[in-house]
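Shown next: coords11.pdb, given as PDB, C-alpha atoms.
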ATOM      1  CA  MET A   1     152.275  97.677 104.008
ATOM      2  CA  SER A   2     151.220  98.669 100.517
ATOM      3  CA  ALA A   3     147.794 100.011  99.567
ATOM      4  CA  ILE A   4     145.617  98.797  96.744
ATOM      5  CA  ASN A   5     143.332 101.210  94.945
ATOM      6  CA  ILE A   6     140.047  99.401  94.371
ATOM      7  CA  GLY A   7     138.290 102.400  92.893
ATOM      8  CA  THR A   8     135.917 104.899  94.358
ATOM      9  CA  THR A   9     132.673 104.436  96.181
ATOM     10  CA  ASN A  10     129.743 106.633  95.265
ATOM     11  CA  SER A  11     126.546 107.081  97.214
ATOM     12  CA  TRP A  12     123.241 107.243  95.394
ATOM     13  CA  GLY A  13     121.026 107.583  98.453
ATOM     14  CA  TYR A  14     120.619 103.938  99.351
ATOM     15  CA  GLY A  15     117.904 104.661 101.926
ATOM     16  CA  LEU A  16     116.183 101.372 102.728
ATOM     17  CA  GLU A  17     118.209  99.240 100.297
ATOM     18  CA  PRO A  18     119.616  96.878 102.949
ATOM     19  CA  VAL A  19     116.101  95.771 103.935
ATOM     20  CA  VAL A  20     114.485  95.474 100.483
ATOM     21  CA  ILE A  21     115.682  91.950  99.680
ATOM     22  CA  ARG A  22     114.551  89.873 102.646
ATOM     23  CA  HIS A  23     115.628  86.523 101.200
ATOM     24  CA  TYR A  24     117.465  85.895  97.931
ATOM     25  CA  GLU A  25     116.885  82.401  96.554
ATOM     26  CA  ASP A  26     117.800  82.656  92.864
ATOM     27  CA  GLY A  27     118.350  85.111  90.066
ATOM     28  CA  ILE A  28     119.834  85.668  86.659
ATOM     29  CA  LYS A  29     123.424  84.494  86.847
ATOM     30  CA  GLY A  30     125.898  87.304  86.234
ATOM     31  CA  GLY A  31     123.196  89.966  86.128
ATOM     32  CA  LYS A  32     122.255  91.994  83.064
ATOM     33  CA  VAL A  33     122.993  95.301  81.412
ATOM     34  CA  LEU A  34     119.682  97.141  81.220
ATOM     35  CA  ASP A  35     118.363  99.087  78.271
ATOM     36  CA  VAL A  36     117.634 102.460  79.919
ATOM     37  CA  GLU A  37     116.504 104.359  76.823
ATOM     38  CA  GLY A  38     113.623 106.607  77.876
ATOM     39  CA  PHE A  39     113.994 105.785  81.591
ATOM     40  CA  SER A  40     113.353 109.044  83.461
ATOM     41  CA  GLU A  41     115.110 108.401  86.790
ATOM     42  CA  ASP A  42     118.796 109.088  87.543
ATOM     43  CA  VAL A  43     119.172 105.897  89.592
ATOM     44  CA  ILE A  44     117.823 102.357  89.322
ATOM     45  CA  GLN A  45     117.165 101.373  92.918
ATOM     46  CA  CYS A  46     117.255  98.038  94.661
ATOM     47  CA  GLY A  47     113.697  96.707  94.567
ATOM     48  CA  HIS A  48     112.877  98.198  91.165
ATOM     49  CA  VAL A  49     110.798  95.945  88.910
ATOM     50  CA  ILE A  50     112.690  94.666  85.860
ATOM     51  CA  ILE A  51     110.914  93.759  82.614
ATOM     52  CA  LYS A  52     112.075  91.886  79.515
ATOM     53  CA  LYS A  53     111.259  91.251  75.879
ATOM     54  CA  THR A  54     112.867  88.732  73.538
ATOM     55  CA  ILE A  55     114.071  90.425  70.348
ATOM     56  CA  ASP A  56     115.546  88.188  67.627
ATOM     57  CA  GLY A  57     116.242  85.469  70.199
ATOM     58  CA  VAL A  58     117.968  87.825  72.657
ATOM     59  CA  ASP A  59     116.379  88.936  75.938
ATOM     60  CA  ASN A  60     116.260  92.725  76.318
ATOM     61  CA  TYR A  61     115.932  93.838  79.954
ATOM     62  CA  ARG A  62     114.689  97.246  81.099
ATOM     63  CA  PRO A  63     113.668  98.924  84.325
ATOM     64  CA  MET A  64     109.883  99.198  84.627
ATOM     65  CA  PRO A  65     108.820 102.666  83.412
ATOM     66  CA  VAL A  66     108.137 105.279  86.088
ATOM     67  CA  SER A  67     105.730 108.176  85.706
ATOM     68  CA  ASN A  68     104.942 110.828  88.320
ATOM     69  CA  GLY A  69     106.691 108.900  91.102
ATOM     70  CA  ALA A  70     104.881 105.609  90.447
ATOM     71  CA  TYR A  71     105.192 102.639  88.131
ATOM     72  CA  GLY A  72     103.761 103.431  84.727
ATOM     73  CA  THR A  73     102.268 101.065  82.193
ATOM     74  CA  LEU A  74     104.079  97.871  81.222
ATOM     75  CA  THR A  75     105.881  98.546  77.948
ATOM     76  CA  SER A  76     104.179  96.846  74.993
ATOM     77  CA  GLY A  77     105.649  93.415  74.236
ATOM     78  CA  TYR A  78     107.460  93.195  77.597
ATOM     79  CA  SER A  79     106.767  90.940  80.576
ATOM     80  CA  TYR A  80     107.789  91.081  84.222
ATOM     81  CA  ALA A  81     111.189  89.432  84.782
ATOM     82  CA  GLY A  82     112.172  90.033  88.400
ATOM     83  CA  ILE A  83     113.431  92.512  90.984
ATOM     84  CA  CYS A  84     116.629  94.566  90.846
ATOM     85  CA  VAL A  85     118.955  93.657  93.749
ATOM     86  CA  THR A  86     121.445  96.506  93.371
ATOM     87  CA  THR A  87     121.316 100.292  93.239
ATOM     88  CA  VAL A  88     123.127 101.838  90.284
ATOM     89  CA  PRO A  89     123.144 105.096  88.344
ATOM     90  CA  VAL A  90     121.526 104.876  84.916
ATOM     91  CA  THR A  91     124.931 105.687  83.442
ATOM     92  CA  GLU A  92     126.141 102.250  84.654
ATOM     93  CA  PRO A  93     123.017 100.048  84.358
ATOM     94  CA  ILE A  94     124.537  96.670  85.263
ATOM     95  CA  VAL A  95     122.278  94.984  87.825
ATOM     96  CA  GLY A  96     121.553  91.728  89.557
ATOM     97  CA  ILE A  97     118.000  90.471  88.961
ATOM     98  CA  MET A  98     116.254  88.273  91.536
ATOM     99  CA  THR A  99     113.762  85.770  90.134
ATOM    100  CA  SER A 100     113.034  83.836  93.337
ATOM    101  CA  GLY A 101     112.984  85.050  96.911
ATOM    102  CA  GLU A 102     111.268  87.502  99.225
ATOM    103  CA  VAL A 103     110.956  91.296  98.927
ATOM    104  CA  ASN A 104     109.978  93.772 101.635
ATOM    105  CA  ASP A 105     106.939  95.349  99.978
ATOM    106  CA  LYS A 106     107.125  98.392 102.276
ATOM    107  CA  ALA A 107     110.735  99.200 101.285
ATOM    108  CA  VAL A 108     110.546  99.038  97.472
ATOM    109  CA  PRO A 109     111.245 102.368  95.713
ATOM    110  CA  PHE A 110     107.774 102.659  94.142
ATOM    111  CA  SER A 111     104.399 101.297  95.219
ATOM    112  CA  MET A 112     103.545  98.055  93.475
ATOM    113  CA  SER A 113      99.829  98.253  94.211
ATOM    114  CA  SER A 114      98.872  98.916  90.576
ATOM    115  CA  ILE A 115     101.001  96.058  89.180
ATOM    116  CA  LEU A 116     101.297  93.558  92.051
ATOM    117  CA  THR A 117      98.664  91.076  90.872
ATOM    118  CA  ALA A 118     100.104  90.924  87.349
ATOM    119  CA  PHE A 119     103.690  90.748  88.682
ATOM    120  CA  LYS A 120     102.833  87.842  91.013
ATOM    121  CA  ALA A 121     101.187  85.968  88.121
ATOM    122  CA  ALA A 122     104.260  86.475  85.920
ATOM    123  CA  VAL A 123     106.894  85.792  88.625
ATOM    124  CA  PRO A 124     105.200  83.573  91.239
ATOM    125  CA  THR A 125     108.548  82.630  92.817
ATOM    126  CA  ILE A 126     108.954  86.103  94.363
ATOM    127  CA  ARG A 127     107.048  86.685  97.586
ATOM    128  CA  PHE A 128     106.197  90.068  99.122
ATOM    129  CA  ASP A 129     106.061  90.592 102.875
ATOM    130  CA  HIS A 130     107.124  93.024 105.607
ATOM    131  CA  ASP A 131     107.564  93.214 109.383
TER     132      ASP A 131
END
Encoding of this model in structure tokens:
Amino acid sequence: MSAINIGTTNSWGYGLEPVVIRHYEDGIKGGKVLDVEGFSEDVIQCGHVIIKKTIDGVDNYRPMPVSNGAYGTLTSGYSYAGICVTTVPVTEPIVGIMTSGEVNDKAVPFSMSSILTAFKAAVPTIRFDHD
């Protein structure tokens, strides 16, 4: 029997990742490469809020800024786009983005309390719940 090398597997401290996405209904087909300029974390975690801005007809996606272990202020000109469904290092910022489904609000990487009302208004097809 021959072996096939499918690459290496790295661990970025998945933690609660398997329970973050409770139900995936829909998302951005094929995912997106995120613009991580100025993003202070080493890893973009499953459950991270993703924002976007249209620049010259092209959508630019970014992870929501983080400051002092919490979500910061929404970047000027950006709007909430969805929730990251994968965990990746910022050196390889290719992620799936959920736009409809259910998220475990107790397992997301950062508290959404300061942005939850605005996020729900912008992306009403994502529900937040927990056991």
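Once the PyMOL selection byres ((chain A and resi 128) around 7) is applied to this file, the selection holds Glu102, Val103, Asn104, Asp105, Ile126, Arg127 and Asp129 of chain A.
For the structure shown here, the set of residues caught by the PyMOL selection byres ((chain A and resi 51) around 9) is Val49, Ile50, Lys52, Lys53, Asn60, Tyr61, Arg62, Pro63, Met64, Leu74, Thr75, Tyr78, Ser79, Tyr80, Ala81, Gly82 and Ile83 of chain A.
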Give me a file of those residues, with C-alpha atoms, as a PDB file, in the coordinates of the input.
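Written out: again_31.pdb:
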ATOM      1  CA  VAL A  49     110.798  95.945  88.910  1.00  0.00           C
ATOM      2  CA  ILE A  50     112.690  94.666  85.860  1.00  0.00           C
ATOM      3  CA  LYS A  52     112.075  91.886  79.515  1.00  0.00           C
ATOM      4  CA  LYS A  53     111.259  91.251  75.879  1.00  0.00           C
ATOM      5  CA  ASN A  60     116.260  92.725  76.318  1.00  0.00           C
ATOM      6  CA  TYR A  61     115.932  93.838  79.954  1.00  0.00           C
ATOM      7  CA  ARG A  62     114.689  97.246  81.099  1.00  0.00           C
ATOM      8  CA  PRO A  63     113.668  98.924  84.325  1.00  0.00           C
ATOM      9  CA  MET A  64     109.883  99.198  84.627  1.00  0.00           C
ATOM     10  CA  LEU A  74     104.079  97.871  81.222  1.00  0.00           C
ATOM     11  CA  THR A  75     105.881  98.546  77.948  1.00  0.00           C
ATOM     12  CA  TYR A  78     107.460  93.195  77.597  1.00  0.00           C
ATOM     13  CA  SER A  79     106.767  90.940  80.576  1.00  0.00           C
ATOM     14  CA  TYR A  80     107.789  91.081  84.222  1.00  0.00           C
ATOM     15  CA  ALA A  81     111.189  89.432  84.782  1.00  0.00           C
ATOM     16  CA  GLY A  82     112.172  90.033  88.400  1.00  0.00           C
ATOM     17  CA  ILE A  83     113.431  92.512  90.984  1.00  0.00           C
TER      18      ILE A  83
END
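Atom CA of A:Gly47 lies 12.3 Å from atom CA of A:His23.
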In Å, with one decimal, what is the gap from atom CA of A:Asp131 to atom CA of A:Val19?
-> 10.4 Å
Quick one, how far is atom CA of A:Gly72 from atom CA of A:Gly96?
-> 21.8 Å
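Residue nearest A:Pro89 within the list A:Ser40, A:Ser111, A:Thr73, A:Asn68: A:Ser40 [criterion: smallest interatomic distance, all atoms listed in the file].
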Nearest to A:Arg22 among A:Met98, A:Val36, A:Val43, A:Ile115, with distances taken over all atoms listed in the file: which residue is it?
-> A:Met98
Go through the shown structure with the PyMOL selection byres ((chain A and resi 94) around 9) and write out the matching residues as a PyMOL selection string.
-> chain A and resi 31-34+86+88+90+92-93+95-96
Write to file, as a PDB file, in the frame of the given file, the residues of the selection just made, with C-alpha atoms.
ATOM      1  CA  GLY A  31     123.196  89.966  86.128  1.00  0.00           C
ATOM      2  CA  LYS A  32     122.255  91.994  83.064  1.00  0.00           C
ATOM      3  CA  VAL A  33     122.993  95.301  81.412  1.00  0.00           C
ATOM      4  CA  LEU A  34     119.682  97.141  81.220  1.00  0.00           C
ATOM      5  CA  THR A  86     121.445  96.506  93.371  1.00  0.00           C
ATOM      6  CA  VAL A  88     123.127 101.838  90.284  1.00  0.00           C
ATOM      7  CA  VAL A  90     121.526 104.876  84.916  1.00  0.00           C
ATOM      8  CA  GLU A  92     126.141 102.250  84.654  1.00  0.00           C
ATOM      9  CA  PRO A  93     123.017 100.048  84.358  1.00  0.00           C
ATOM     10  CA  VAL A  95     122.278  94.984  87.825  1.00  0.00           C
ATOM     11  CA  GLY A  96     121.553  91.728  89.557  1.00  0.00           C
TER      12      GLY A  96
END
Please determine an axis-aligned box that encloses all atoms of stretch 71-85 of chain A listed in the file, with 5 Å added on each side, and express its centre and edge lengths in Å to one decimal as JSON.
{"center_x": 110.6, "center_y": 96.4, "center_z": 84.0, "size_x": 26.7, "size_y": 24.0, "size_z": 29.5}
Spatial neighbours of A:Pro109, 10 Å, all atoms listed in the file, chain gap at least 2 places, as a PDB file with C-alpha atoms, in the coordinates of the input:
ATOM      1  CA  GLY A  15     117.904 104.661 101.926  1.00  0.00           C
ATOM      2  CA  LEU A  16     116.183 101.372 102.728  1.00  0.00           C
ATOM      3  CA  GLU A  17     118.209  99.240 100.297  1.00  0.00           C
ATOM      4  CA  VAL A  20     114.485  95.474 100.483  1.00  0.00           C
ATOM      5  CA  ILE A  44     117.823 102.357  89.322  1.00  0.00           C
ATOM      6  CA  GLN A  45     117.165 101.373  92.918  1.00  0.00           C
ATOM      7  CA  CYS A  46     117.255  98.038  94.661  1.00  0.00           C
ATOM      8  CA  GLY A  47     113.697  96.707  94.567  1.00  0.00           C
ATOM      9  CA  HIS A  48     112.877  98.198  91.165  1.00  0.00           C
ATOM     10  CA  VAL A  49     110.798  95.945  88.910  1.00  0.00           C
ATOM     11  CA  GLY A  69     106.691 108.900  91.102  1.00  0.00           C
ATOM     12  CA  ALA A  70     104.881 105.609  90.447  1.00  0.00           C
ATOM     13  CA  TYR A  71     105.192 102.639  88.131  1.00  0.00           C
ATOM     14  CA  ASP A 105     106.939  95.349  99.978  1.00  0.00           C
ATOM     15  CA  LYS A 106     107.125  98.392 102.276  1.00  0.00           C
ATOM     16  CA  ALA A 107     110.735  99.200 101.285  1.00  0.00           C
ATOM     17  CA  SER A 111     104.399 101.297  95.219  1.00  0.00           C
ATOM     18  CA  MET A 112     103.545  98.055  93.475  1.00  0.00           C
TER      19      MET A 112
END
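The nearest approach to A:Ile28 among the residues A:Ser114, A:Thr99, A:Val58, A:Val108, with all atoms listed in the file taken into account, belongs to A:Thr99.
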Please rebuild stretch 73-84 of chain A with N, CA and C atoms and give the result as a PDB file, in the coordinates of the input.
ATOM      1  N   THR A  73     102.854 102.197  82.893  1.00  0.00           N
ATOM      2  CA  THR A  73     102.268 101.065  82.193  1.00  0.00           C
ATOM      3  C   THR A  73     103.369 100.147  81.684  1.00  0.00           C
ATOM      4  N   LEU A  74     103.130  98.844  81.750  1.00  0.00           N
ATOM      5  CA  LEU A  74     104.079  97.871  81.222  1.00  0.00           C
ATOM      6  C   LEU A  74     104.282  98.143  79.738  1.00  0.00           C
ATOM      7  N   THR A  75     105.536  98.261  79.342  1.00  0.00           N
ATOM      8  CA  THR A  75     105.881  98.546  77.948  1.00  0.00           C
ATOM      9  C   THR A  75     105.350  97.436  77.043  1.00  0.00           C
ATOM     10  N   SER A  76     104.755  97.798  75.934  1.00  0.00           N
ATOM     11  CA  SER A  76     104.179  96.846  74.993  1.00  0.00           C
ATOM     12  C   SER A  76     105.202  95.791  74.578  1.00  0.00           C
ATOM     13  N   GLY A  77     104.795  94.525  74.636  1.00  0.00           N
ATOM     14  CA  GLY A  77     105.649  93.415  74.236  1.00  0.00           C
ATOM     15  C   GLY A  77     106.567  92.907  75.335  1.00  0.00           C
ATOM     16  N   TYR A  78     106.607  93.592  76.479  1.00  0.00           N
ATOM     17  CA  TYR A  78     107.460  93.195  77.597  1.00  0.00           C
ATOM     18  C   TYR A  78     106.658  92.424  78.639  1.00  0.00           C
ATOM     19  N   SER A  79     107.382  91.660  79.460  1.00  0.00           N
ATOM     20  CA  SER A  79     106.767  90.940  80.576  1.00  0.00           C
ATOM     21  C   SER A  79     107.616  91.176  81.816  1.00  0.00           C
ATOM     22  N   TYR A  80     107.052  90.909  82.968  1.00  0.00           N
ATOM     23  CA  TYR A  80     107.789  91.081  84.222  1.00  0.00           C
ATOM     24  C   TYR A  80     108.848  89.994  84.332  1.00  0.00           C
ATOM     25  N   ALA A  81     110.079  90.385  84.716  1.00  0.00           N
ATOM     26  CA  ALA A  81     111.189  89.432  84.782  1.00  0.00           C
ATOM     27  C   ALA A  81     111.679  89.181  86.195  1.00  0.00           C
ATOM     28  N   GLY A  82     111.657  90.198  87.048  1.00  0.00           N
ATOM     29  CA  GLY A  82     112.172  90.033  88.400  1.00  0.00           C
ATOM     30  C   GLY A  82     112.357  91.362  89.092  1.00  0.00           C
ATOM     31  N   ILE A  83     113.192  91.343  90.146  1.00  0.00           N
ATOM     32  CA  ILE A  83     113.431  92.512  90.984  1.00  0.00           C
ATOM     33  C   ILE A  83     114.920  92.833  90.997  1.00  0.00           C
ATOM     34  N   CYS A  84     115.244  94.099  90.808  1.00  0.00           N
ATOM     35  CA  CYS A  84     116.629  94.566  90.846  1.00  0.00           C
ATOM     36  C   CYS A  84     117.174  94.419  92.278  1.00  0.00           C
TER      37      CYS A  84
END
